[in-house]
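> Can you keep this structure in mind? I'll have questions shortly.
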Amino acid sequence: MRYTSLAQFIDRGKAAFAKGPVALIFVEDLVEVESAIRYHQLTGFRGIVLFAPRELDLTHSLEQEIHRVDYPVLHVGDVQKAVNAVIDIAEGTWLYYCYNAEYLFFPFCETRNVNELLVFHTEERRSAMLAYVVDLYAGDLKRYPDAVSLDHAWLDKSGYYALGRPDPENNNYPKERQLDFFGGLRWRFEEHVPKDRRKIDRIALFKARPDLVLRADHTFNDEEYNTYACPWHNNLTAAIVSFRTAKALKSNAGSTFDIPTFKWHNSVPFDWTSQQLLDLGLMEPGQWF
């Protein structure tokens with residue numbers, strides 16, 4: 001099903017959320033769009049909603065399998081606007097949002113699907129899940145000038161850290177069970193990244209409910225949604241492996257000539273397994289074994 005605008009989708013597309021979980025994929029450019037769609041279908045999402053510019057050309061068979069909305073993503077606020085509009089018509093549905101050239105990983109995702117993940121998370125009385133956005137980049141930028149290669153992807157094995165999240169309503173005292181996470185390319189090349197876009201945490205999986213609002217910093221107006229764990233034990237977390245930052249740094253005239261390679265002494269090949277991300281501490285299995 002194809003919709004000519006966000007307004008038309010909100011008016012006519014409620015059926016897309018009859019069975020969840022549903023993935024919302026936002027297309028910023030035309031790089032690795034189909035692979036992102038296929039990957040999230042295989043991950044177990046029962047519905048895919050693609051927000052994309054009209055010029056994107058998908059195969060007919062693939063377009064028949066998804067809900068497509070003609071919606072150019074030009075600014076970060078465009079994603080926030082669309083997610084909040086979807087929340088209003090998807091009450092009770094687990095939603096996930098990402099961009100093209102991004103791929104969701106969670107503990108044991110090779111043998112378990114995202115619905116099983118969220119059933120367990122719901123049983124733990126959780127309505128949202130923290131994800132770390134882990135930067136991927138091509139090892140050879142001469143061969144892959146846009147920094148994207150699924151077959152030759154690398155990531156940083158260290159250099160990640162967290163800081164307490166200050167609460168401006170409580171004398172900037174750190175918020176309970178909330179942290180700001182940093183690392184990857186946004187940390188190593190921070191001089192090219194605006195300060196308000198350097199965090200790598202995203203509440204990417206969440207259950208829609210009335211009055212829930214996504215904010216510009218990838219957090220929600222319900223503070224419990226923004227926590228990484230419940231009060232009594234650690235919870236599951238996920239990782240989104242993403243070429244998005246590498247693409248931006250190589251397409252931006254202000255940074256591309258300063259970066260002949262993204263590789264450094266802490267770069268390792270990405271093997272596309274959840275175990276590698278678990279071993280690197282980039283996601284948490286919690287009580288799920």
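As shown in the structure tokens, the chain order sets the letters A, B, ...; within each chain, residues go from 1, and ligands are also counted from 1 in the order they appear.
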To test your reading of the structure, identify every residue in region 82-188 of chain A that backbone DSSP assigns to strand (DSSP E or B), and report it as a ChimeraX atom specification.
/A:94-99,102-105,128-135,137-138,153-156,161-167,173-182
> If we count only C-alpha atoms and set the cut-off at 12 Å, which residues sit around Ala18 (chain A), ignoring sequence neighbours fewer than 5 positions away in its own chain? Please answer as a list in words.
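These residues fall inside the cut-off: Gly13, Arg46, Gly47, Ile89, Ala90, Glu91, Gly92, Thr93, Trp94 and Leu95 of chain A.
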> Check the smallest atom-to-atom distance from each of A:Thr261, A:Ser127, A:Ser5, A:Gln275 to Thr227 (chain A) using only C-alpha atoms, then report the winner.
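With only C-alpha atoms as the atom set, the closest residue is A:Ser127.
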> Mind checking which residues fall within 6 Å of region 104-113 of chain A, counting only C-alpha atoms, ignoring those fewer than 6 positions away in the same chain, and posting them as JSON, numbers by chain?
{"A": [43, 44, 238, 239, 240, 274, 285]}
> Using only C-alpha atoms, pick whichever of A:Asn172, A:Gln41, A:Asn235, A:Ser242 has the shortest atom-to-atom distance to Val148 (chain A).
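For Val148 (chain A), the nearest of the candidates is A:Ser242.
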> Give me, as a PyMOL selection string, all polymer residues having an atom no more than 10 Å from Val133 (chain A), counting only C-alpha atoms and skipping those fewer than 2 positions away in the same chain.
chain A and resi 98+102-104+130-131+135-136+181-184+199-202+204+238-245+282
> Rank A:Lys195, A:Arg186, A:His233, A:His67 by their smallest atom-to-atom distance to Lys247 (chain A), using only C-alpha atoms, and report the top residue only.
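Once distances to Lys247 (chain A) are computed over only C-alpha atoms, the minimum belongs to A:Arg186.
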> Find the distance between CA of Ala216 (chain A) and CA of Thr122 (chain A) and write it in Å to one decimal.
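One can read the CA of Ala216 (chain A) to CA of Thr122 (chain A) distance as 25.4 Å.
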> Give the answer as one residue: which of A:Leu58, A:Val69, A:Leu249, A:Ile25 has the shortest atom-to-atom distance to Glu191 (chain A), using only C-alpha atoms?
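Between A:Leu58, A:Val69, A:Leu249, A:Ile25, the residue approaching Glu191 (chain A) most closely is A:Leu249.
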> Please report as JSON lines every residue of region 142-233 of chain A lying within 12 Å of region 256-259 of chain A, along with the nearest atom pair and their distance in Å (one decimal), using only C-alpha atoms.

{"residue": "A:Lys142", "atom": "CA", "partner": "A:Ile259", "partner_atom": "CA", "distance": 11.3}
{"residue": "A:Pro145", "atom": "CA", "partner": "A:Thr256", "partner_atom": "CA", "distance": 9.6}
{"residue": "A:Asp146", "atom": "CA", "partner": "A:Thr256", "partner_atom": "CA", "distance": 9.8}
{"residue": "A:Ala147", "atom": "CA", "partner": "A:Thr256", "partner_atom": "CA", "distance": 10.5}
{"residue": "A:Leu185", "atom": "CA", "partner": "A:Ile259", "partner_atom": "CA", "distance": 11.0}
{"residue": "A:Arg188", "atom": "CA", "partner": "A:Ile259", "partner_atom": "CA", "distance": 11.0}
{"residue": "A:Phe189", "atom": "CA", "partner": "A:Ile259", "partner_atom": "CA", "distance": 9.0}
{"residue": "A:Glu191", "atom": "CA", "partner": "A:Asp258", "partner_atom": "CA", "distance": 10.9}
{"residue": "A:His192", "atom": "CA", "partner": "A:Asp258", "partner_atom": "CA", "distance": 9.8}
> List the spatial neighbours of region 175-179 of chain A as a PyMOL selection string - criterion: any atom at most 9 Å away, only C-alpha atoms, same-chain residues fewer than 6 positions off excluded.
chain A and resi 162-167+201+223-224+226-231
